[in-house]
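A.B. asks: Okay, so here is work-v1.csv, and as you'll see once you scroll down, it has CSV, C-alpha atoms and all ligand atoms.
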chain,number,residue,atom,x,y,z
A,1,MET,CA,8.1,-23.2,-32.2
A,2,LYS,CA,10.3,-20.8,-30.2
A,3,LEU,CA,9.2,-19.5,-26.8
A,4,LEU,CA,8.9,-15.7,-27.1
A,5,PHE,CA,7.4,-14.9,-23.8
A,6,GLY,CA,7.2,-17.2,-20.7
A,7,ARG,CA,8.1,-17.6,-17.1
A,8,PRO,CA,11.7,-16.3,-16.8
A,9,ALA,CA,14.5,-18.3,-15.3
A,10,GLY,CA,14.9,-15.5,-12.7
A,11,LEU,CA,11.8,-16.9,-11.0
A,12,THR,CA,11.5,-20.3,-9.3
A,13,ASP,CA,8.9,-22.8,-10.4
A,14,ILE,CA,6.9,-22.2,-7.3
A,15,ASN,CA,3.4,-20.8,-8.0
A,16,GLN,CA,3.0,-17.6,-6.1
A,17,ARG,CA,0.4,-17.4,-3.4
A,18,TYR,CA,-0.8,-13.9,-4.1
A,19,CYS,CA,-4.5,-13.1,-4.7
A,20,PRO,CA,-5.8,-13.1,-8.3
A,21,GLY,CA,-4.8,-9.9,-10.0
A,22,CYS,CA,-2.2,-8.8,-7.4
A,23,GLY,CA,0.4,-6.4,-8.7
A,24,HIS,CA,3.2,-8.2,-6.8
A,25,GLY,CA,3.3,-11.0,-9.3
A,26,ILE,CA,3.8,-8.6,-12.3
A,27,VAL,CA,6.7,-6.9,-10.5
A,28,HIS,CA,8.2,-10.2,-9.5
A,29,ARG,CA,8.1,-11.3,-13.2
A,30,LEU,CA,9.8,-8.1,-14.4
A,31,ILE,CA,12.7,-8.5,-11.9
A,32,GLY,CA,12.9,-12.2,-12.8
A,33,GLU,CA,13.3,-11.3,-16.5
A,34,LEU,CA,15.9,-8.7,-15.7
A,35,LEU,CA,18.0,-11.1,-13.6
A,36,VAL,CA,18.4,-13.1,-16.7
A,37,GLU,CA,18.5,-10.4,-19.4
A,38,MET,CA,21.2,-8.4,-17.5
A,39,ASN,CA,23.1,-11.6,-16.6
A,40,ILE,CA,23.1,-10.8,-12.9
A,41,ARG,CA,21.2,-13.7,-11.4
A,42,GLU,CA,24.3,-15.3,-10.0
A,43,LYS,CA,25.5,-12.2,-8.2
A,44,THR,CA,22.2,-10.8,-7.0
A,45,ILE,CA,21.1,-10.8,-3.4
A,46,GLY,CA,17.5,-9.8,-2.7
A,47,VAL,CA,16.0,-8.7,0.6
A,48,ALA,CA,12.4,-9.7,1.2
A,49,PRO,CA,10.2,-7.8,3.7
A,50,VAL,CA,7.3,-8.5,5.9
A,51,GLY,CA,3.9,-8.1,4.1
A,52,CYS,CA,2.3,-10.2,1.4
A,53,SER,CA,5.7,-10.5,-0.3
A,54,VAL,CA,7.2,-12.1,2.8
A,55,PHE,CA,7.6,-15.3,0.7
A,56,ALA,CA,9.5,-13.4,-2.1
A,57,ASP,CA,12.6,-15.3,-1.0
A,58,GLU,CA,10.9,-18.5,-2.4
A,59,TYR,CA,9.9,-16.8,-5.7
A,60,PHE,CA,13.1,-15.2,-6.9
A,61,ASN,CA,15.6,-17.5,-8.3
A,62,CYS,CA,18.6,-15.7,-6.8
A,63,ASP,CA,20.1,-15.5,-3.3
A,64,MET,CA,17.5,-14.1,-1.0
A,65,ILE,CA,17.1,-13.2,2.7
A,66,GLN,CA,13.9,-12.4,4.5
A,67,VAL,CA,14.2,-9.8,7.3
A,68,PRO,CA,12.1,-8.2,10.1
A,69,HIS,CA,9.5,-5.6,9.3
A,70,GLY,CA,11.0,-2.4,7.8
A,71,ARG,CA,14.6,-3.4,8.3
A,72,ALA,CA,15.4,-4.4,4.7
A,73,PRO,CA,17.4,-1.2,3.8
A,74,ALA,CA,19.6,-1.7,6.9
A,75,VAL,CA,20.3,-5.4,6.1
A,76,ALA,CA,20.9,-4.5,2.4
A,77,THR,CA,23.4,-1.9,3.5
A,78,GLY,CA,25.4,-4.5,5.4
A,79,ILE,CA,25.3,-7.0,2.6
A,80,LYS,CA,26.4,-4.5,0.0
A,81,ARG,CA,29.2,-3.1,2.1
A,82,THR,CA,30.6,-6.6,2.7
A,83,ARG,CA,29.9,-7.8,-0.8
A,84,PRO,CA,30.2,-4.7,-3.1
A,85,ASP,CA,30.6,-7.0,-6.1
A,86,CYS,CA,27.0,-8.2,-5.6
A,87,MET,CA,23.8,-6.6,-6.9
A,88,VAL,CA,21.6,-5.9,-3.8
A,89,PHE,CA,17.9,-5.0,-3.9
A,90,THR,CA,15.2,-4.7,-1.3
A,91,TYR,CA,11.6,-5.5,-2.1
A,92,GLN,CA,9.2,-3.6,0.2
A,93,GLY,CA,5.5,-2.7,0.6
A,94,ASP,CA,4.2,0.6,1.8
A,95,GLY,CA,3.6,-0.6,5.3
A,96,ASP,CA,7.0,-2.0,5.5
A,97,LEU,CA,8.9,0.8,3.9
A,98,ALA,CA,6.9,3.9,4.8
A,99,ALA,CA,5.5,3.1,8.2
A,100,ILE,CA,7.7,0.9,10.4
A,101,GLY,CA,10.7,1.3,8.1
A,102,THR,CA,10.6,5.1,7.7
A,103,ALA,CA,13.9,5.7,9.5
A,104,GLU,CA,15.8,3.1,7.5
A,105,MET,CA,14.3,4.4,4.2
A,106,ILE,CA,15.3,8.0,4.8
A,107,HIS,CA,18.8,7.3,6.1
A,108,VAL,CA,19.7,4.8,3.4
A,109,ALA,CA,18.7,7.4,0.8
A,110,ALA,CA,20.5,10.2,2.6
A,111,ARG,CA,23.7,8.1,2.6
A,112,ASN,CA,23.3,7.4,-1.1
A,113,GLU,CA,23.9,3.8,-0.3
A,114,ASN,CA,24.6,1.8,-3.5
A,115,ILE,CA,21.5,-0.4,-3.3
A,116,THR,CA,18.1,-0.5,-5.1
A,117,ILE,CA,14.7,-0.3,-3.4
A,118,ILE,CA,11.8,-1.8,-5.2
A,119,PHE,CA,8.8,-0.1,-3.4
A,120,ILE,CA,5.3,-1.6,-3.9
A,121,ASN,CA,2.8,1.2,-3.2
A,122,ASN,CA,-0.6,-0.4,-3.1
A,123,ALA,CA,-2.0,2.2,-0.7
A,124,ILE,CA,-2.9,-0.4,2.0
A,125,TYR,CA,-1.7,-3.0,4.4
A,126,GLY,CA,-2.5,-6.1,2.3
A,127,MET,CA,-1.3,-9.0,4.4
A,128,THR,CA,-2.9,-8.0,7.7
A,129,GLY,CA,-6.3,-7.4,6.3
A,130,GLY,CA,-6.5,-4.1,4.5
A,131,GLN,CA,-5.8,-1.5,7.2
A,132,LEU,CA,-4.8,2.1,6.5
A,133,ALA,CA,-1.3,2.6,5.3
A,134,PRO,CA,0.8,5.8,5.2
A,135,THR,CA,0.0,5.8,1.5
A,136,THR,CA,-3.8,5.4,1.8
A,137,LEU,CA,-5.4,8.2,-0.1
A,138,PRO,CA,-7.5,10.9,1.6
A,139,GLY,CA,-11.1,9.6,1.6
A,140,MET,CA,-10.1,6.1,0.8
A,141,ARG,CA,-11.8,3.3,2.7
A,142,SER,CA,-9.8,0.7,4.6
A,143,THR,CA,-10.6,-1.6,7.5
A,144,THR,CA,-9.3,1.1,9.9
A,145,SER,CA,-10.9,4.0,8.0
A,146,VAL,CA,-14.3,2.6,7.2
A,147,LYS,CA,-15.7,6.0,6.3
A,148,GLY,CA,-12.7,6.9,4.3
A,149,ARG,CA,-9.4,8.3,5.5
A,150,ASP,CA,-10.0,11.5,7.5
A,151,VAL,CA,-7.0,13.7,7.2
A,152,VAL,CA,-7.9,15.6,10.4
A,153,THR,CA,-7.5,12.5,12.6
A,154,GLN,CA,-5.5,10.2,10.4
A,155,GLY,CA,-3.2,12.7,8.6
A,156,TYR,CA,-2.1,12.9,5.0
A,157,PRO,CA,-0.4,10.3,2.9
A,158,ILE,CA,3.3,10.1,2.5
A,159,LYS,CA,4.6,10.6,-1.0
A,160,VAL,CA,7.8,8.6,-0.7
A,161,CYS,CA,9.5,9.7,-3.9
A,162,GLU,CA,8.8,13.4,-3.2
A,163,LEU,CA,10.0,13.0,0.4
A,164,LEU,CA,13.2,11.4,-0.7
A,165,ASN,CA,13.7,14.0,-3.5
A,166,ALA,CA,14.2,16.6,-0.8
A,167,LEU,CA,17.4,14.9,0.2
A,168,ASP,CA,20.7,15.4,-1.7
A,169,GLY,CA,21.6,11.7,-1.4
A,170,PRO,CA,19.5,9.7,-3.9
A,171,TYR,CA,20.9,9.1,-7.4
A,172,TYR,CA,17.7,8.0,-9.1
A,173,LEU,CA,14.0,8.1,-8.1
A,174,GLU,CA,11.1,7.2,-10.4
A,175,ARG,CA,7.4,6.4,-9.9
A,176,VAL,CA,5.8,3.9,-12.3
A,177,ALA,CA,2.7,1.7,-12.3
A,178,VAL,CA,1.8,-1.9,-13.4
A,179,ASP,CA,-1.7,-1.3,-14.5
A,180,ILE,CA,-1.5,-1.5,-18.3
A,181,PRO,CA,1.1,-2.9,-20.8
A,182,ARG,CA,2.6,0.5,-21.6
A,183,ASN,CA,3.3,1.3,-17.9
A,184,ILE,CA,4.5,-2.3,-17.3
A,185,ILE,CA,7.1,-1.8,-20.0
A,186,LYS,CA,8.1,1.5,-18.4
A,187,THR,CA,8.4,-0.2,-15.0
A,188,LYS,CA,10.8,-2.8,-16.4
A,189,LYS,CA,12.9,0.0,-17.9
A,190,ALA,CA,13.0,1.9,-14.6
A,191,ILE,CA,14.1,-1.2,-12.7
A,192,LYS,CA,16.7,-2.0,-15.3
A,193,THR,CA,18.1,1.6,-15.1
A,194,ALA,CA,18.3,1.4,-11.3
A,195,PHE,CA,20.1,-2.0,-11.4
A,196,GLN,CA,22.5,-0.6,-14.0
A,197,TYR,CA,23.3,2.5,-11.9
A,198,GLN,CA,24.1,0.2,-9.0
A,199,LEU,CA,26.3,-2.0,-11.1
A,200,ASP,CA,28.1,1.3,-12.2
A,201,ASN,CA,28.5,2.3,-8.5
A,202,LYS,CA,26.4,5.4,-8.9
A,203,GLY,CA,24.5,4.9,-5.7
A,204,PHE,CA,20.9,4.8,-4.3
A,205,SER,CA,17.8,4.2,-6.4
A,206,LEU,CA,14.2,3.8,-5.4
A,207,ILE,CA,11.5,2.7,-7.9
A,208,GLU,CA,8.0,3.3,-6.5
A,209,ILE,CA,5.5,1.1,-8.2
A,210,LEU,CA,1.7,1.8,-8.0
A,211,SER,CA,0.4,-1.7,-7.7
A,212,MET,CA,-3.1,-3.4,-7.5
A,213,CYS,CA,-4.3,-4.9,-4.3
A,214,PRO,CA,-7.8,-6.0,-5.4
A,215,THR,CA,-8.5,-7.8,-2.1
A,216,GLY,CA,-7.5,-5.0,0.2
A,217,TRP,CA,-9.4,-2.4,-1.9
A,218,GLY,CA,-12.5,-4.7,-2.1
A,219,VAL,CA,-12.7,-4.5,-5.9
A,220,THR,CA,-12.2,-6.9,-8.9
A,221,PRO,CA,-8.7,-7.0,-10.5
A,222,VAL,CA,-10.0,-5.1,-13.5
A,223,GLN,CA,-11.6,-2.4,-11.3
A,224,ALA,CA,-8.3,-2.2,-9.4
A,225,LYS,CA,-6.3,-1.7,-12.6
A,226,LYS,CA,-8.6,1.1,-13.6
A,227,TRP,CA,-8.5,2.8,-10.2
A,228,ILE,CA,-4.7,3.2,-10.5
A,229,ALA,CA,-5.1,5.3,-13.7
A,230,GLU,CA,-8.3,7.1,-12.7
A,231,VAL,CA,-7.6,7.9,-9.0
A,232,MET,CA,-4.2,6.8,-7.6
A,233,ALA,CA,-1.9,8.2,-10.3
A,234,ASN,CA,-3.6,11.6,-9.8
A,235,TYR,CA,-2.4,11.7,-6.2
A,236,TYR,CA,0.9,10.0,-7.0
A,237,PRO,CA,2.0,11.3,-10.4
A,238,LEU,CA,4.0,9.0,-12.5
A,239,GLY,CA,7.5,10.0,-13.7
A,240,GLU,CA,11.1,10.5,-13.0
A,241,LEU,CA,11.7,12.7,-10.0
A,242,ARG,CA,15.5,12.5,-9.8
A,243,ASN,CA,18.2,11.2,-12.2
A,244,ARG,CA,21.7,12.4,-11.4
A,245,ALA,CA,22.9,10.8,-14.7
A,246,LYS,CA,20.8,13.2,-16.7
A,247,GLU,CA,21.8,16.2,-14.5
A,248,ALA,CA,25.4,15.5,-15.2
A,249,LYS,CA,25.0,15.9,-18.9
B,1,MET,CA,2.1,-18.1,-36.9
B,2,PRO,CA,2.2,-17.1,-33.2
B,3,GLU,CA,0.6,-19.3,-30.7
B,4,VAL,CA,-0.5,-18.6,-27.1
B,5,LYS,CA,-0.6,-21.2,-24.5
B,6,ILE,CA,-2.6,-20.6,-21.3
B,7,LEU,CA,-1.4,-22.7,-18.3
B,8,GLU,CA,-4.9,-23.3,-17.0
B,9,GLU,CA,-3.8,-24.7,-13.7
B,10,VAL,CA,-1.6,-21.7,-13.0
B,11,CYS,CA,-4.2,-19.1,-14.1
B,12,LYS,CA,-6.2,-17.5,-11.3
B,13,GLY,CA,-8.9,-16.1,-13.5
B,14,CYS,CA,-8.1,-12.5,-12.6
B,15,GLY,CA,-9.2,-11.3,-16.1
B,16,LEU,CA,-6.4,-8.7,-16.4
B,17,CYS,CA,-5.3,-10.2,-19.7
B,18,CYS,CA,-8.9,-10.1,-21.0
B,19,ASP,CA,-9.6,-6.4,-20.4
B,20,ASN,CA,-8.5,-4.2,-23.3
B,21,VAL,CA,-5.1,-5.7,-23.4
B,22,CYS,CA,-5.1,-7.9,-26.5
B,23,PRO,CA,-5.0,-5.7,-29.6
B,24,VAL,CA,-7.1,-8.2,-31.6
B,25,GLY,CA,-9.4,-9.0,-28.7
B,26,ILE,CA,-9.1,-12.8,-28.6
B,27,LEU,CA,-8.9,-13.4,-24.9
B,28,ARG,CA,-11.7,-14.1,-22.4
B,29,LEU,CA,-12.3,-16.1,-19.3
B,30,ALA,CA,-13.7,-19.5,-20.1
B,31,PRO,CA,-17.4,-19.2,-19.2
B,32,ASP,CA,-18.0,-23.0,-18.9
B,33,ARG,CA,-14.9,-24.3,-17.2
B,34,ILE,CA,-13.0,-24.1,-13.9
B,35,ASN,CA,-9.6,-25.3,-12.9
B,36,SER,CA,-8.8,-27.3,-9.8
B,37,SER,CA,-8.5,-24.1,-7.7
B,38,GLY,CA,-12.0,-23.1,-8.8
B,39,TYR,CA,-11.0,-20.3,-11.2
B,40,HIS,CA,-12.4,-19.7,-14.7
B,41,PRO,CA,-9.1,-19.8,-16.7
B,42,ALA,CA,-8.4,-17.4,-19.6
B,43,GLU,CA,-8.9,-18.8,-23.1
B,44,ILE,CA,-8.2,-17.8,-26.7
B,45,THR,CA,-11.2,-17.5,-28.9
B,46,ASP,CA,-9.4,-17.4,-32.3
B,47,MET,CA,-5.7,-18.3,-32.4
B,48,SER,CA,-5.4,-17.4,-36.1
B,49,LYS,CA,-5.8,-13.7,-35.2
B,50,CYS,CA,-2.9,-13.6,-32.7
B,51,ILE,CA,0.0,-11.2,-33.7
B,52,GLY,CA,2.4,-12.5,-31.0
B,53,CYS,CA,2.7,-9.1,-29.3
B,54,GLY,CA,3.0,-10.6,-25.8
B,55,TYR,CA,0.8,-8.0,-24.1
B,56,CYS,CA,-1.3,-10.8,-22.5
B,57,TYR,CA,1.9,-12.3,-21.0
B,58,MET,CA,3.0,-8.9,-19.8
B,59,THR,CA,-0.1,-8.2,-17.8
B,60,CYS,CA,-0.3,-11.7,-16.2
B,61,PRO,CA,0.8,-11.8,-12.6
B,62,GLU,CA,1.4,-15.5,-12.4
B,63,PRO,CA,2.6,-15.8,-15.3
B,64,ALA,CA,0.2,-18.3,-16.7
B,65,ILE,CA,0.7,-17.3,-20.4
B,66,GLU,CA,3.3,-18.4,-22.9
B,67,VAL,CA,3.7,-17.0,-26.3
B,68,TYR,CA,5.4,-19.0,-29.1
B,69,LYS,CA,6.3,-18.2,-32.7
A,301,LIG,C1,7.3,-5.8,14.0
A,301,LIG,C2,6.0,-6.1,13.3
A,301,LIG,N1,5.0,-5.2,13.4
A,301,LIG,C3,3.8,-5.5,12.7
A,301,LIG,C4,3.7,-6.6,12.0
A,301,LIG,C5,2.3,-6.9,11.3
A,301,LIG,N2,2.4,-6.7,9.9
A,301,LIG,C6,2.6,-7.7,9.0
A,301,LIG,S1,2.5,-7.2,7.4
A,301,LIG,C7,2.2,-5.6,7.8
A,301,LIG,C8,2.0,-4.6,6.8
A,301,LIG,C9,2.1,-5.0,5.4
A,301,LIG,O1,1.7,-4.0,4.5
A,301,LIG,P1,2.6,-3.6,3.3
A,301,LIG,O2,4.0,-3.4,3.7
A,301,LIG,O3,2.0,-2.5,2.6
A,301,LIG,O4,2.7,-4.9,2.3
A,301,LIG,P2,1.5,-5.6,1.5
A,301,LIG,O5,1.0,-6.7,2.4
A,301,LIG,O6,0.4,-4.6,1.2
A,301,LIG,O7,2.2,-6.1,0.3
A,301,LIG,C10,2.1,-5.5,9.2
A,301,LIG,C11,1.8,-4.2,9.9
A,301,LIG,C12,4.8,-7.5,11.9
A,301,LIG,N3,4.7,-8.6,11.2
A,301,LIG,N4,5.9,-7.2,12.6
A,302,LIG,S1,-3.8,-8.8,-0.1
A,302,LIG,FE1,-3.4,-7.4,-1.8
A,302,LIG,S2,-1.1,-7.2,-1.8
A,302,LIG,FE2,-1.7,-9.0,-0.6
A,302,LIG,S3,-1.6,-10.8,-2.1
A,302,LIG,FE3,-3.8,-10.0,-1.9
A,302,LIG,S4,-4.0,-8.5,-3.6
A,302,LIG,FE4,-1.8,-8.8,-3.3
A,303,LIG,S1,0.1,-12.3,-27.9
A,303,LIG,FE1,-0.9,-10.3,-28.4
A,303,LIG,S2,-2.3,-10.8,-30.0
A,303,LIG,FE2,-1.7,-12.7,-29.2
A,303,LIG,S3,-3.3,-13.2,-27.6
A,303,LIG,FE3,-1.6,-12.2,-26.5
A,303,LIG,S4,-2.2,-10.0,-26.5
A,303,LIG,FE4,-3.5,-11.0,-28.1
A,304,LIG,S1,-3.8,-12.5,-16.5
A,304,LIG,FE1,-3.0,-14.5,-16.1
A,304,LIG,S2,-4.0,-15.2,-14.2
A,304,LIG,FE2,-5.2,-13.5,-15.0
A,304,LIG,S3,-6.8,-14.4,-16.2
A,304,LIG,FE3,-5.1,-13.9,-17.6
A,304,LIG,S4,-3.9,-15.8,-17.7
A,304,LIG,FE4,-5.2,-16.0,-15.9
Go ahead and render the structure in this file as structure tokens.
C.D. replies:
Amino acid sequence: MKLLFGRPAGLTDINQRYCPGCGHGIVHRLIGELLVEMNIREKTIGVAPVGCSVFADEYFNCDMIQVPHGRAPAVATGIKRTRPDCMVFTYQGDGDLAAIGTAEMIHVAARNENITIIFINNAIYGMTGGQLAPTTLPGMRSTTSVKGRDVVTQGYPIKVCELLNALDGPYYLERVAVDIPRNIIKTKKAIKTAFQYQLDNKGFSLIEILSMCPTGWGVTPVQAKKWIAEVMANYYPLGELRNRAKEAK
Amino acid sequence: MPEVKILEEVCKGCGLCCDNVCPVGILRLAPDRINSSGYHPAEITDMSKCIGCGYCYMTCPEPAIEVYK
């Protein structure tokens, strides 16, 4: 019998310590598959954030570094500029990327730095106990918005892809989701495209991935999956926002 | 004939693979069994119906599923 689908060699054998049904694991697996399929595992350097994926350096079977909260794009810039032959990606949650790391995120995009950001949007701070994130939806409950996010006092969510799309810098921006197989396949394709653009020296890509956080949202994994399609994707529409390769044609 | 193997000790019983993912509907959480972490692992009810599509593997965060052919 031949193995058709199974844990890819781009992941280590360590069992991940995420909650049941957490979207992080699905995205990890997709990246792990691509490291092998694109034959880039040996030359990839990943930058892990602070957040639930703080241990991502143990899970990816490539060179990894774990950095202070929000600083991954700055560290990735340094790595890429000293080792332009390497494939460099950051892996960041919404608290990491879009709150404490806002400055790094905007400037790395404006510079069209030749790196790839894998951005996990789960609309909440997972690791610290489900507090409001910049991406928490209006009316959505969190431990710091117990009656639902009130836009009068807590402001509006940040749509990262739309925000970066206002800059001339980025080469490729796409929003995807990991709720159902069709979207998971699209997510893999988007990450692969971004990695390939980096290998072709095209410049900056960010893939925003709508991802389940059943624990932070206080629902079951299956309810979390459905909430992405029924609620979250209405506020954060899926699709390609920027692709310079297509504009050039 | 395709064959699906659930790595029961890796499975966290999230149920994602059991909810409208399998085109032939042969996955469920074992009602009568738990693994050493206390989760009800996923199980296959009728292996002969499996078409080897890999959708169950694709939705599994761990991944605790292997598909063979
Ligand atoms: C400088 C600093 N400030 C605050 C924290 C506390 N902290 C840890 S994780 C986190 C947010 C994590 O949320 P997110 O980036 O959305 O990732 P998730 O856990 O949801 O995957 C915060 C604020 C910290 N570790 N370091
Ligand atoms: S708290 Fe949320 S993001 Fe963190 S591991 Fe649990 S489900 Fe995943
Ligand atoms: S491989 Fe496809 S048909 Fe077989 S159990 Fe998995 S989802 Fe069902
Ligand atoms: S998706 Fe994976 S972890 Fe979840 S129940 Fe199925 S096999 Fe277990």
A.B. asks: Atom CA of B:Ile65 and atom CA of B:Leu27, how far apart in Å?
C.D. replies: 11.3 Å
A.B. asks: Excluding stretch 93-105 of chain A and any residue of its chain fewer than 4 positions from it, enumerate the residues within 6 Å of it, using all atoms listed in the file, and give them as an mmCIF file with C-alpha atoms, keeping the file's coordinate frame.
C.D. replies:
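Dumped everything to part_5.cif:
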data_model
loop_
_atom_site.group_PDB
_atom_site.id
_atom_site.type_symbol
_atom_site.label_atom_id
_atom_site.label_comp_id
_atom_site.auth_asym_id
_atom_site.auth_seq_id
_atom_site.Cartn_x
_atom_site.Cartn_y
_atom_site.Cartn_z
ATOM 1 C CA HIS A 69 9.500 -5.600 9.300
ATOM 2 C CA GLY A 70 11.000 -2.400 7.800
ATOM 3 C CA PRO A 73 17.400 -1.200 3.800
ATOM 4 C CA PHE A 119 8.800 -0.100 -3.400
ATOM 5 C CA ILE A 120 5.300 -1.600 -3.900
ATOM 6 C CA ASN A 121 2.800 1.200 -3.200
ATOM 7 C CA TYR A 125 -1.700 -3.000 4.400
ATOM 8 C CA ALA A 133 -1.300 2.600 5.300
#
A.B. asks: If we count all atoms listed in the file, what is near A:Pro181 at a cut-off of 9 Å, once residues fewer than 2 positions away on the same chain are taken out, given as a ChimeraX atom specification?
C.D. replies: /A:178-179,183-186 /B:21,55-56,58-59
A.B. asks: Between B:Ile6, B:Glu66, B:His40, B:Cys50, which has the minimum distance to ligand LIG 303 (chain A) (counting all atoms listed in the file)?
C.D. replies: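 Nearest candidate to ligand LIG 303 (chain A) out of B:Ile6, B:Glu66, B:His40, B:Cys50: B:Cys50.
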A.B. asks: Throw together the list of residues within 6 Å of ligand LIG 302 (chain A), counting all atoms listed in the file, and drop it here as an MDAnalysis selection string.
C.D. replies: chainID A and resid 18:19 22 52 126:127 213:216
A.B. asks: Any idea which chain B residues end up within 10 Å of chain A if we count only C-alpha atoms, as a count of residues only please?
C.D. replies: 38
A.B. asks: Determine, counting only C-alpha atoms, which protein, DNA and RNA residues have an atom within 9 Å of an atom of A:Met232; residues of the same chain fewer than 5 positions away are not included. Present the result as an MDAnalysis selection string.
C.D. replies: chainID A and resid 123 137 210 227 237
A.B. asks: Can you pull out the residues contacting B:Lys49? Cut-off 8 Å, using only C-alpha atoms, and skip same-chain residues under 3 positions away; I want them as number ranges by chain.
C.D. replies: B: 24, 26, 46
A.B. asks: Which is closer to ligand LIG 301 (chain A) than all the others in A:Phe204, A:Thr44, A:Val54, A:Val88, using all atoms listed in the file?
C.D. replies: A:Val54
